[in-house]
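Undergrad: Sharing work25.pdb below, PDB, C-alpha atoms and all ligand atoms:
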ATOM      1  CA  MET A   1       0.000   0.000   0.000
ATOM      2  CA  LYS A   2       1.283   3.442  -0.887
ATOM      3  CA  ALA A   3       1.343   6.170   1.773
ATOM      4  CA  PHE A   4      -1.706   8.449   1.937
ATOM      5  CA  SER A   5      -2.909  11.183   4.254
ATOM      6  CA  PHE A   6      -5.885  10.568   6.533
ATOM      7  CA  GLU A   7      -8.667  12.810   7.746
ATOM      8  CA  LYS A   8     -11.626  12.114  10.011
ATOM      9  CA  PRO A   9     -14.168  14.972   9.790
ATOM     10  CA  SER A  10     -17.207  15.196  12.043
ATOM     11  CA  SER A  11     -19.647  16.812   9.586
ATOM     12  CA  ILE A  12     -20.865  16.110   6.057
ATOM     13  CA  GLU A  13     -19.808  19.613   4.968
ATOM     14  CA  ALA A  14     -16.236  19.059   6.198
ATOM     15  CA  ALA A  15     -16.106  15.627   4.510
ATOM     16  CA  VAL A  16     -17.292  17.068   1.190
ATOM     17  CA  ALA A  17     -14.718  19.875   1.461
ATOM     18  CA  ALA A  18     -11.943  17.342   2.107
ATOM     19  CA  LEU A  19     -13.135  15.149  -0.763
ATOM     20  CA  GLY A  20     -12.839  18.111  -3.126
ATOM     21  CA  ALA A  21      -9.072  17.566  -3.237
ATOM     22  CA  GLU A  22      -7.670  15.420  -6.049
ATOM     23  CA  GLU A  23      -7.189  11.661  -5.541
ATOM     24  CA  THR A  24      -9.166  11.634  -2.296
ATOM     25  CA  LEU A  25     -11.496   8.759  -1.440
ATOM     26  CA  PRO A  26     -14.152   8.286   1.249
ATOM     27  CA  LEU A  27     -13.606   5.422   3.705
ATOM     28  CA  ALA A  28     -16.562   3.659   5.342
ATOM     29  CA  GLY A  29     -16.034   0.175   6.830
ATOM     30  CA  GLY A  30     -12.868  -0.356   4.792
ATOM     31  CA  MET A  31     -13.839  -3.955   3.999
ATOM     32  CA  THR A  32     -13.327  -3.380   0.281
ATOM     33  CA  LEU A  33     -11.335  -0.150   0.100
ATOM     34  CA  ILE A  34      -8.433  -1.183   2.361
ATOM     35  CA  PRO A  35      -7.703  -4.541   0.633
ATOM     36  CA  THR A  36      -8.038  -2.784  -2.732
ATOM     37  CA  LEU A  37      -5.463  -0.178  -1.709
ATOM     38  CA  LYS A  38      -3.205  -2.873  -0.258
ATOM     39  CA  GLN A  39      -3.302  -4.824  -3.509
ATOM     40  CA  ARG A  40      -2.707  -1.562  -5.411
ATOM     41  CA  LEU A  41      -5.898  -2.059  -7.398
ATOM     42  CA  ALA A  42      -6.827   1.434  -6.195
ATOM     43  CA  ASP A  43      -4.608   4.371  -5.516
ATOM     44  CA  CYS A  44      -5.177   7.655  -3.703
ATOM     45  CA  ALA A  45      -3.340  10.530  -2.080
ATOM     46  CA  ALA A  46      -5.796  10.924   0.806
ATOM     47  CA  VAL A  47      -8.552   9.040   2.605
ATOM     48  CA  VAL A  48     -11.511  10.700   4.348
ATOM     49  CA  ASP A  49     -12.915   8.498   7.111
ATOM     50  CA  LEU A  50     -16.699   9.002   7.384
ATOM     51  CA  SER A  51     -17.058   7.191  10.716
ATOM     52  CA  GLY A  52     -16.872  10.393  12.784
ATOM     53  CA  ILE A  53     -20.037  11.844  11.220
ATOM     54  CA  ALA A  54     -22.830  11.040  13.679
ATOM     55  CA  GLU A  55     -25.678  12.068  11.360
ATOM     56  CA  MET A  56     -24.642   9.413   8.823
ATOM     57  CA  SER A  57     -25.460   6.535  11.214
ATOM     58  CA  GLY A  58     -28.695   5.220  12.611
ATOM     59  CA  ILE A  59     -32.088   3.799  11.772
ATOM     60  CA  SER A  60     -35.515   5.434  12.109
ATOM     61  CA  LEU A  61     -39.053   5.072  10.861
ATOM     62  CA  GLU A  62     -40.575   8.288   9.496
ATOM     63  CA  GLY A  63     -44.202   7.543   8.619
ATOM     64  CA  ASP A  64     -44.014   4.768   6.017
ATOM     65  CA  MET A  65     -40.334   5.503   5.307
ATOM     66  CA  LEU A  66     -37.550   3.456   6.831
ATOM     67  CA  VAL A  67     -34.474   5.693   6.927
ATOM     68  CA  ILE A  68     -31.022   4.157   7.318
ATOM     69  CA  GLY A  69     -27.840   6.224   7.556
ATOM     70  CA  ALA A  70     -25.111   5.316   5.082
ATOM     71  CA  MET A  71     -22.571   4.559   7.845
ATOM     72  CA  THR A  72     -24.911   2.079   9.558
ATOM     73  CA  ARG A  73     -23.102  -1.270   9.903
ATOM     74  CA  HIS A  74     -24.624  -4.486   8.560
ATOM     75  CA  ALA A  75     -24.808  -5.903  12.122
ATOM     76  CA  GLU A  76     -26.870  -2.884  13.266
ATOM     77  CA  VAL A  77     -29.387  -3.393  10.429
ATOM     78  CA  ALA A  78     -29.511  -7.135  11.149
ATOM     79  CA  GLY A  79     -30.123  -6.538  14.865
ATOM     80  CA  SER A  80     -32.559  -3.630  14.583
ATOM     81  CA  ASP A  81     -36.093  -4.148  15.915
ATOM     82  CA  VAL A  82     -37.228  -1.193  13.781
ATOM     83  CA  VAL A  83     -35.960  -2.821  10.561
ATOM     84  CA  MET A  84     -37.242  -6.236  11.637
ATOM     85  CA  LYS A  85     -40.723  -4.804  12.123
ATOM     86  CA  ALA A  86     -40.811  -2.571   9.014
ATOM     87  CA  ILE A  87     -38.933  -4.649   6.406
ATOM     88  CA  PRO A  88     -37.882  -7.973   7.946
ATOM     89  CA  ALA A  89     -36.405  -9.118   4.624
ATOM     90  CA  LEU A  90     -33.853  -6.301   4.876
ATOM     91  CA  ALA A  91     -32.752  -7.255   8.408
ATOM     92  CA  LYS A  92     -32.436 -10.882   7.332
ATOM     93  CA  LEU A  93     -30.467  -9.910   4.207
ATOM     94  CA  ALA A  94     -27.996  -7.971   6.400
ATOM     95  CA  ALA A  95     -27.651 -10.935   8.770
ATOM     96  CA  ARG A  96     -26.385 -13.118   5.916
ATOM     97  CA  ILE A  97     -23.692 -10.762   4.588
ATOM     98  CA  GLY A  98     -20.166 -12.189   4.875
ATOM     99  CA  ASP A  99     -19.071 -13.146   8.372
ATOM    100  CA  GLN A 100     -19.283 -11.491  11.798
ATOM    101  CA  GLN A 101     -16.190  -9.373  11.279
ATOM    102  CA  VAL A 102     -17.475  -8.062   7.938
ATOM    103  CA  ARG A 103     -20.924  -7.367   9.396
ATOM    104  CA  HIS A 104     -19.451  -5.351  12.262
ATOM    105  CA  ARG A 105     -17.283  -3.171   9.977
ATOM    106  CA  GLY A 106     -19.098  -3.053   6.619
ATOM    107  CA  THR A 107     -21.714  -0.344   6.030
ATOM    108  CA  ILE A 108     -24.794  -0.117   3.838
ATOM    109  CA  GLY A 109     -23.409   3.048   2.205
ATOM    110  CA  GLY A 110     -20.073   1.423   1.399
ATOM    111  CA  SER A 111     -21.787  -1.623  -0.040
ATOM    112  CA  VAL A 112     -24.148   0.341  -2.296
ATOM    113  CA  ALA A 113     -21.484   2.870  -3.376
ATOM    114  CA  ASN A 114     -19.148   0.013  -4.257
ATOM    115  CA  ASN A 115     -21.878  -1.743  -6.310
ATOM    116  CA  ASP A 116     -20.152  -5.124  -6.387
ATOM    117  CA  PRO A 117     -22.031  -7.343  -8.886
ATOM    118  CA  ALA A 118     -22.616  -9.959  -6.170
ATOM    119  CA  ALA A 119     -23.472  -7.678  -3.233
ATOM    120  CA  ASP A 120     -26.759  -8.160  -1.396
ATOM    121  CA  TYR A 121     -27.926  -4.615  -0.522
ATOM    122  CA  PRO A 122     -28.172  -3.263  -4.113
ATOM    123  CA  SER A 123     -30.910  -5.835  -4.836
ATOM    124  CA  ALA A 124     -32.977  -4.569  -1.883
ATOM    125  CA  VAL A 125     -32.367  -0.905  -2.745
ATOM    126  CA  LEU A 126     -33.568  -1.436  -6.338
ATOM    127  CA  ALA A 127     -36.469  -3.796  -5.547
ATOM    128  CA  LEU A 128     -37.792  -1.527  -2.800
ATOM    129  CA  GLY A 129     -37.408   1.517  -5.076
ATOM    130  CA  ALA A 130     -35.421   3.322  -2.391
ATOM    131  CA  ASP A 131     -34.209   6.892  -2.595
ATOM    132  CA  ILE A 132     -30.478   7.424  -2.143
ATOM    133  CA  VAL A 133     -29.824  10.723  -0.378
ATOM    134  CA  THR A 134     -26.373  12.094  -1.129
ATOM    135  CA  SER A 135     -24.391  15.155  -0.109
ATOM    136  CA  LYS A 136     -25.742  16.870  -3.273
ATOM    137  CA  ARG A 137     -29.176  15.468  -4.199
ATOM    138  CA  THR A 138     -31.591  12.555  -4.015
ATOM    139  CA  ILE A 139     -31.119   9.771  -6.583
ATOM    140  CA  SER A 140     -33.806   7.156  -7.247
ATOM    141  CA  ALA A 141     -32.628   3.564  -7.154
ATOM    142  CA  ASP A 142     -33.753   3.175 -10.780
ATOM    143  CA  ALA A 143     -31.146   5.761 -11.839
ATOM    144  CA  PHE A 144     -28.359   4.737  -9.457
ATOM    145  CA  PHE A 145     -26.865   1.385 -10.547
ATOM    146  CA  LEU A 146     -25.128   1.901 -13.885
ATOM    147  CA  GLY A 147     -22.828  -1.107 -14.355
ATOM    148  CA  MET A 148     -20.142  -3.225 -12.724
ATOM    149  CA  PHE A 149     -18.779  -1.177  -9.772
ATOM    150  CA  GLU A 150     -20.332   1.870 -11.466
ATOM    151  CA  THR A 151     -22.992   4.153  -9.983
ATOM    152  CA  ALA A 152     -24.519   7.578 -10.593
ATOM    153  CA  LEU A 153     -22.329   9.072  -7.821
ATOM    154  CA  GLU A 154     -20.066  11.873  -9.014
ATOM    155  CA  PRO A 155     -16.499  12.346  -7.737
ATOM    156  CA  GLY A 156     -16.588  13.746  -4.206
ATOM    157  CA  GLU A 157     -20.318  12.973  -3.757
ATOM    158  CA  ILE A 158     -21.137  10.785  -0.754
ATOM    159  CA  ILE A 159     -24.213   8.779   0.181
ATOM    160  CA  VAL A 160     -25.720  10.144   3.380
ATOM    161  CA  SER A 161     -28.768   7.901   3.854
ATOM    162  CA  PHE A 162     -31.299   5.571   2.257
ATOM    163  CA  ARG A 163     -35.076   6.046   2.345
ATOM    164  CA  PHE A 164     -37.029   2.809   1.901
ATOM    165  CA  ARG A 165     -40.820   2.990   1.511
ATOM    166  CA  VAL A 166     -42.174   0.110   3.587
ATOM    167  CA  PRO A 167     -43.596  -2.527   1.199
ATOM    168  CA  GLU A 168     -46.643  -4.703   1.729
ATOM    169  CA  LYS A 169     -44.464  -7.806   1.460
ATOM    170  CA  ALA A 170     -40.817  -8.464   0.734
ATOM    171  CA  GLY A 171     -38.500 -11.451   0.686
ATOM    172  CA  TYR A 172     -34.885 -12.210  -0.204
ATOM    173  CA  ALA A 173     -33.117 -15.459  -1.002
ATOM    174  CA  LYS A 174     -29.547 -16.041  -2.119
ATOM    175  CA  PHE A 175     -27.396 -18.996  -3.064
ATOM    176  CA  ALA A 176     -24.202 -17.957  -1.299
ATOM    177  CA  SER A 177     -20.621 -18.791  -2.186
ATOM    178  CA  PRO A 178     -19.472 -20.987   0.710
ATOM    179  CA  ALA A 179     -16.189 -19.042   0.906
ATOM    180  CA  SER A 180     -17.186 -15.362   0.824
ATOM    181  CA  ARG A 181     -20.967 -15.601   1.342
ATOM    182  CA  TYR A 182     -21.396 -13.302  -1.677
ATOM    183  CA  ALA A 183     -24.362 -14.312  -3.865
ATOM    184  CA  LEU A 184     -23.850 -16.642  -6.822
ATOM    185  CA  ALA A 185     -27.412 -15.575  -7.450
ATOM    186  CA  GLY A 186     -29.787 -13.726  -5.140
ATOM    187  CA  VAL A 187     -33.272 -12.338  -5.691
ATOM    188  CA  PHE A 188     -35.088  -9.642  -3.726
ATOM    189  CA  ILE A 189     -38.854  -9.437  -4.281
ATOM    190  CA  ALA A 190     -41.001  -6.526  -3.114
ATOM    191  CA  LYS A 191     -44.780  -6.184  -3.464
ATOM    192  CA  ARG A 192     -46.710  -2.956  -3.050
ATOM    193  CA  GLY A 193     -50.349  -3.027  -4.185
ATOM    194  CA  ASP A 194     -50.487  -4.636  -7.642
ATOM    195  CA  VAL A 195     -46.851  -3.867  -8.373
ATOM    196  CA  VAL A 196     -44.120  -6.455  -7.878
ATOM    197  CA  ARG A 197     -40.424  -5.723  -8.363
ATOM    198  CA  ALA A 198     -37.962  -8.618  -8.628
ATOM    199  CA  VAL A 199     -34.244  -7.829  -8.649
ATOM    200  CA  VAL A 200     -31.433 -10.267  -9.328
ATOM    201  CA  THR A 201     -27.910  -9.901  -7.931
ATOM    202  CA  GLY A 202     -24.766 -11.998  -8.386
ATOM    203  CA  ALA A 203     -25.682 -12.993 -11.915
ATOM    204  CA  GLY A 204     -24.849 -10.038 -14.146
ATOM    205  CA  PRO A 205     -22.501  -7.028 -14.224
ATOM    206  CA  CYS A 206     -24.818  -5.331 -11.722
ATOM    207  CA  VAL A 207     -28.281  -5.746 -10.250
ATOM    208  CA  PHE A 208     -31.173  -5.896 -12.717
ATOM    209  CA  ARG A 209     -34.937  -6.301 -12.673
ATOM    210  CA  ALA A 210     -36.291  -9.587 -14.051
ATOM    211  CA  ALA A 211     -39.381  -8.666 -16.104
ATOM    212  CA  ASP A 212     -40.555 -12.259 -16.668
ATOM    213  CA  ILE A 213     -40.541 -12.935 -12.939
ATOM    214  CA  GLU A 214     -42.300  -9.629 -12.166
ATOM    215  CA  ASP A 215     -45.038 -10.246 -14.793
ATOM    216  CA  ALA A 216     -45.748 -13.750 -13.499
ATOM    217  CA  LEU A 217     -45.886 -12.585  -9.874
ATOM    218  CA  MET A 218     -48.167  -9.637 -10.678
ATOM    219  CA  LYS A 219     -50.696 -12.180 -11.996
ATOM    220  CA  ASP A 220     -50.283 -14.560  -9.066
ATOM    221  CA  PHE A 221     -48.023 -13.768  -6.092
ATOM    222  CA  ALA A 222     -47.078 -17.362  -5.293
ATOM    223  CA  PRO A 223     -43.975 -19.526  -5.844
ATOM    224  CA  HIS A 224     -45.840 -21.850  -8.256
ATOM    225  CA  ALA A 225     -46.423 -18.850 -10.590
ATOM    226  CA  LEU A 226     -42.730 -19.222 -11.501
ATOM    227  CA  ASP A 227     -42.896 -22.951 -12.318
ATOM    228  CA  ARG A 228     -42.778 -22.361 -16.078
ATOM    229  CA  ILE A 229     -40.436 -19.373 -16.075
ATOM    230  CA  SER A 230     -36.952 -19.641 -17.507
ATOM    231  CA  ILE A 231     -34.729 -16.579 -17.809
ATOM    232  CA  ASP A 232     -32.596 -15.908 -20.886
ATOM    233  CA  SER A 233     -29.013 -16.426 -19.693
ATOM    234  CA  THR A 234     -27.290 -14.541 -22.546
ATOM    235  CA  ASP A 235     -26.216 -11.593 -20.390
ATOM    236  CA  PHE A 236     -25.495 -13.612 -17.250
ATOM    237  CA  MET A 237     -21.964 -14.048 -15.856
ATOM    238  CA  SER A 238     -19.905 -17.210 -16.073
ATOM    239  CA  ASP A 239     -16.928 -17.835 -13.802
ATOM    240  CA  ILE A 240     -15.182 -20.681 -11.989
ATOM    241  CA  HIS A 241     -18.056 -20.884  -9.482
ATOM    242  CA  ALA A 242     -21.002 -21.174 -11.888
ATOM    243  CA  ASP A 243     -21.737 -20.791 -15.580
ATOM    244  CA  LYS A 244     -24.417 -18.453 -16.933
ATOM    245  CA  GLN A 245     -27.017 -21.176 -17.523
ATOM    246  CA  TYR A 246     -26.669 -22.386 -13.928
ATOM    247  CA  ARG A 247     -26.955 -18.816 -12.600
ATOM    248  CA  ALA A 248     -30.108 -18.223 -14.698
ATOM    249  CA  HIS A 249     -31.606 -21.415 -13.268
ATOM    250  CA  LEU A 250     -30.591 -20.385  -9.734
ATOM    251  CA  ALA A 251     -32.239 -16.976 -10.189
ATOM    252  CA  VAL A 252     -35.656 -18.606 -10.698
ATOM    253  CA  VAL A 253     -35.131 -20.969  -7.757
ATOM    254  CA  MET A 254     -34.104 -18.032  -5.530
ATOM    255  CA  ALA A 255     -37.097 -16.003  -6.751
ATOM    256  CA  LYS A 256     -39.461 -18.800  -5.661
ATOM    257  CA  ARG A 257     -37.792 -18.953  -2.253
ATOM    258  CA  ALA A 258     -37.990 -15.167  -1.909
ATOM    259  CA  VAL A 259     -41.737 -15.192  -2.672
ATOM    260  CA  LYS A 260     -42.266 -18.007  -0.180
ATOM    261  CA  ALA A 261     -40.367 -16.013   2.442
ATOM    262  CA  ALA A 262     -42.360 -12.863   1.641
ATOM    263  CA  LEU A 263     -45.618 -14.761   2.126
ATOM    264  CA  GLU A 264     -44.589 -16.214   5.454
ATOM    265  CA  GLU A 265     -45.088 -14.010   8.436
ATOM    266  CA  GLY A 266     -42.008 -11.876   8.992
ATOM    267  CA  GLY A 267     -40.786 -12.020   5.389
ATOM    268  CA  SER A 268     -37.489 -13.502   4.214
TER     269      SER A 268
HETATM  270  C1  LIG B   1     -14.642 -11.503   3.360
HETATM  271  C2  LIG B   1     -15.744 -10.607   2.861
HETATM  272  C3  LIG B   1     -17.002 -11.155   2.615
HETATM  273  C4  LIG B   1     -18.039 -10.356   2.160
HETATM  274  N1  LIG B   1     -19.256 -10.928   1.922
HETATM  275  C5  LIG B   1     -20.265 -10.164   1.450
HETATM  276  C6  LIG B   1     -21.559 -10.725   1.206
HETATM  277  O1  LIG B   1     -21.852 -11.900   1.439
HETATM  278  N2  LIG B   1     -22.509  -9.887   0.721
HETATM  279  C7  LIG B   1     -22.282  -8.561   0.476
HETATM  280  O2  LIG B   1     -23.187  -7.852   0.025
HETATM  281  N3  LIG B   1     -21.075  -8.003   0.725
HETATM  282  C8  LIG B   1     -20.076  -8.767   1.210
HETATM  283  N4  LIG B   1     -18.866  -8.182   1.485
HETATM  284  C9  LIG B   1     -18.723  -6.693   1.287
HETATM  285  C10 LIG B   1     -18.901  -5.935   2.615
HETATM  286  O3  LIG B   1     -20.080  -6.332   3.212
HETATM  287  C11 LIG B   1     -18.954  -4.389   2.500
HETATM  288  O4  LIG B   1     -20.262  -3.956   2.297
HETATM  289  C12 LIG B   1     -18.159  -3.843   1.387
HETATM  290  O5  LIG B   1     -16.862  -4.355   1.513
HETATM  291  C13 LIG B   1     -18.102  -2.290   1.356
HETATM  292  O6  LIG B   1     -18.552  -1.656   2.527
HETATM  293  P1  LIG B   1     -17.585  -0.837   3.462
HETATM  294  O7  LIG B   1     -18.468  -0.107   4.422
HETATM  295  O8  LIG B   1     -16.533  -1.702   4.028
HETATM  296  O9  LIG B   1     -16.981   0.237   2.444
HETATM  297  P2  LIG B   1     -15.469   0.659   2.095
HETATM  298  O10 LIG B   1     -14.656  -0.554   1.799
HETATM  299  O11 LIG B   1     -14.941   1.588   3.118
HETATM  300  O12 LIG B   1     -15.747   1.480   0.762
HETATM  301  C14 LIG B   1     -16.122   0.826  -0.444
HETATM  302  C15 LIG B   1     -16.198   1.851  -1.585
HETATM  303  O13 LIG B   1     -17.291   2.731  -1.403
HETATM  304  C16 LIG B   1     -16.853   4.095  -1.222
HETATM  305  N5  LIG B   1     -17.719   4.623  -0.170
HETATM  306  C17 LIG B   1     -17.845   4.132   1.093
HETATM  307  N6  LIG B   1     -18.810   4.796   1.748
HETATM  308  C18 LIG B   1     -19.313   5.709   0.881
HETATM  309  C19 LIG B   1     -20.369   6.672   0.974
HETATM  310  N7  LIG B   1     -21.115   6.844   2.088
HETATM  311  N8  LIG B   1     -20.614   7.442  -0.112
HETATM  312  C20 LIG B   1     -19.892   7.281  -1.249
HETATM  313  N9  LIG B   1     -18.898   6.386  -1.405
HETATM  314  C21 LIG B   1     -18.625   5.602  -0.341
HETATM  315  C22 LIG B   1     -15.373   3.999  -0.878
HETATM  316  O14 LIG B   1     -14.648   5.133  -1.295
HETATM  317  C23 LIG B   1     -14.967   2.751  -1.649
HETATM  318  O15 LIG B   1     -14.755   3.085  -3.002
HETATM  319  C24 LIG B   1     -17.819  -8.959   1.945
HETATM  320  C25 LIG B   1     -16.559  -8.401   2.197
HETATM  321  C26 LIG B   1     -15.533  -9.211   2.649
HETATM  322  C27 LIG B   1     -14.194  -8.579   2.933
END
Written as structure tokens, how would this file's structure read?

TA:
Amino acid sequence: MKAFSFEKPSSIEAAVAALGAEETLPLAGGMTLIPTLKQRLADCAAVVDLSGIAEMSGISLEGDMLVIGAMTRHAEVAGSDVVMKAIPALAKLAARIGDQQVRHRGTIGGSVANNDPAADYPSAVLALGADIVTSKRTISADAFFLGMFETALEPGEIIVSFRFRVPEKAGYAKFASPASRYALAGVFIAKRGDVVRAVVTGAGPCVFRAADIEDALMKDFAPHALDRISIDSTDFMSDIHADKQYRAHLAVVMAKRAVKAALEEGGS
């Protein structure tokens, strides 16, 4: 790792000012950024640690909006009674990220900003149609995830919080890599009124909505509605863990499990 300077501001304004300098990156839990710097896959002159900014952490329910600060750790989301009551699928998703060490350091903001193709949170953010509140503006989930490790965030712009409208039902299921716990394929399903959103992670360059699954579930919100569905695997990923056809098959299996979880009391 090359030497870099380090700053730990206590306000969003001070963090944004510090991030205005060239080659300066925000640091959240460091679960991805630090190994990336160590392996010299990333390079920077300065790091701005966001962990001293109190207003970027915490969980609250504002009417039908669940608000989660970007610096909230996975373990806090997993253990939150507020999340468990409002969107149990989200608490259960957080509980299955990585291992204990990762869950106690990693943050929802770091995960979504990083936009790893196999990360869990992006599927929930997109399926729940969340708003991503940044230091500059509010970005809808539909406009946020652009490609592999690519988002709508501009240089120096940081995620401050997420606003999730509480759905009628939601469920998540993933087939996890036994080594990292990242998803080989995961599906988050959210239902609000007649609208169902189904988002796949782990299978493509970044999260995407599966129209065939959504159409079938809008007609009949039950696992058996997906019995005859098969997803076109053309754009799916192949790697040493699973080829694209297997991932496409897994996506339908995970979607059925997610619907089953959503229908059971307490969600996923
Ligand atoms: C062994 C291991 C297993 C894992 N397993 C899983 C898994 O099963 N599922 C899963 O989803 N994830 C998994 N992860 C990822 C992990 O959960 C973290 O979410 C992820 O590493 C990034 O979060 P972080 O808070 O550590 O961010 P950091 O590593 O600090 O930052 C990541 C990137 O986001 C930027 N950034 C951070 N915060 C912000 C912000 N608020 N605004 C703008 N940019 C920001 C940083 O500059 C950096 O580019 C795993 C990680 C490890 C090391």

Undergrad: Adding 8 Å on each side of the box along x, y and z that holds all listed atoms of ligand LIG 1 (chain B), could you give its centre and edge lengths in Å to one decimal, as JSON?

TA:
{"center_x": -18.7, "center_y": -2.2, "center_z": 0.7, "size_x": 25.0, "size_y": 35.3, "size_z": 23.4}

Undergrad: If we count only C-alpha atoms and set the cut-off at 12 Å, which residues sit around Ile139 (chain A), ignoring sequence neighbours fewer than 5 positions away in its own chain? Please answer as a list of chain:residue names.

TA: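 With the cut-off at 12 Å, the set is A:Val125, A:Leu126, A:Gly129, A:Ala130, A:Asp131, A:Ile132, A:Val133, A:Thr134, A:Phe144, A:Phe145, A:Thr151, A:Ala152, A:Leu153, A:Glu154, A:Glu157, A:Ile158, A:Ile159, A:Val160, A:Ser161, A:Phe162, A:Arg163.
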
Undergrad: Keeping C-alpha atoms, export the residues of the selection given above as a PDB file, in the frame of the given file.

TA:
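The resulting file, result.pdb, is shown below:
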ATOM      1  CA  VAL A 125     -32.367  -0.905  -2.745  1.00  0.00           C
ATOM      2  CA  LEU A 126     -33.568  -1.436  -6.338  1.00  0.00           C
ATOM      3  CA  GLY A 129     -37.408   1.517  -5.076  1.00  0.00           C
ATOM      4  CA  ALA A 130     -35.421   3.322  -2.391  1.00  0.00           C
ATOM      5  CA  ASP A 131     -34.209   6.892  -2.595  1.00  0.00           C
ATOM      6  CA  ILE A 132     -30.478   7.424  -2.143  1.00  0.00           C
ATOM      7  CA  VAL A 133     -29.824  10.723  -0.378  1.00  0.00           C
ATOM      8  CA  THR A 134     -26.373  12.094  -1.129  1.00  0.00           C
ATOM      9  CA  PHE A 144     -28.359   4.737  -9.457  1.00  0.00           C
ATOM     10  CA  PHE A 145     -26.865   1.385 -10.547  1.00  0.00           C
ATOM     11  CA  THR A 151     -22.992   4.153  -9.983  1.00  0.00           C
ATOM     12  CA  ALA A 152     -24.519   7.578 -10.593  1.00  0.00           C
ATOM     13  CA  LEU A 153     -22.329   9.072  -7.821  1.00  0.00           C
ATOM     14  CA  GLU A 154     -20.066  11.873  -9.014  1.00  0.00           C
ATOM     15  CA  GLU A 157     -20.318  12.973  -3.757  1.00  0.00           C
ATOM     16  CA  ILE A 158     -21.137  10.785  -0.754  1.00  0.00           C
ATOM     17  CA  ILE A 159     -24.213   8.779   0.181  1.00  0.00           C
ATOM     18  CA  VAL A 160     -25.720  10.144   3.380  1.00  0.00           C
ATOM     19  CA  SER A 161     -28.768   7.901   3.854  1.00  0.00           C
ATOM     20  CA  PHE A 162     -31.299   5.571   2.257  1.00  0.00           C
ATOM     21  CA  ARG A 163     -35.076   6.046   2.345  1.00  0.00           C
TER      22      ARG A 163
END

Undergrad: List the neighbours of Arg181 (chain A) out to 9 Å using all atoms listed in the file; skip same-chain residues closer than 2 positions along the sequence, and give me the result as a ChimeraX atom specification.

TA: /A:96-99,175-179,183-184

Undergrad: Check which residues fall inside 6 Å of ligand LIG 1 (chain B) when counting only C-alpha atoms and all ligand atoms, and print them as JSON, numbers by chain.

TA: {"A": [25, 26, 27, 28, 29, 30, 31, 32, 33, 70, 97, 98, 102, 106, 107, 109, 110, 111, 113, 114, 119, 120, 121, 158, 159, 160, 180, 181, 182]}

Undergrad: Identify, on the basis of all atoms listed in the file, every residue whose closest approach to Ala222 (chain A) does not exceed 10 Å; exclude the query and any residue fewer than 6 positions from it along the same chain; express the result as a list of chain:residue names.

TA: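 Result of the neighbour search: A:Ala216, A:Lys256, A:Arg257, A:Ala258, A:Val259, A:Lys260, A:Ala262, A:Leu263.
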
Undergrad: Please expand the PyMOL selection byres (((chain A and resi 149) around 10) and not hetatm) into the concrete residues it hits in this file, giving the result as a list in words.

TA: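 With the shown file as input, the PyMOL selection byres (((chain A and resi 149) around 10) and not hetatm) matches Val112, Ala113, Asn114, Asn115, Asp116, Pro117, Phe145, Leu146, Gly147, Met148, Glu150, Thr151, Pro205 and Cys206 of chain A.
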
Undergrad: Would you compute the distance between CA of Leu128 (chain A) and CA of Ala211 (chain A)? Give it in Å to one decimal.

TA: 15.2 Å
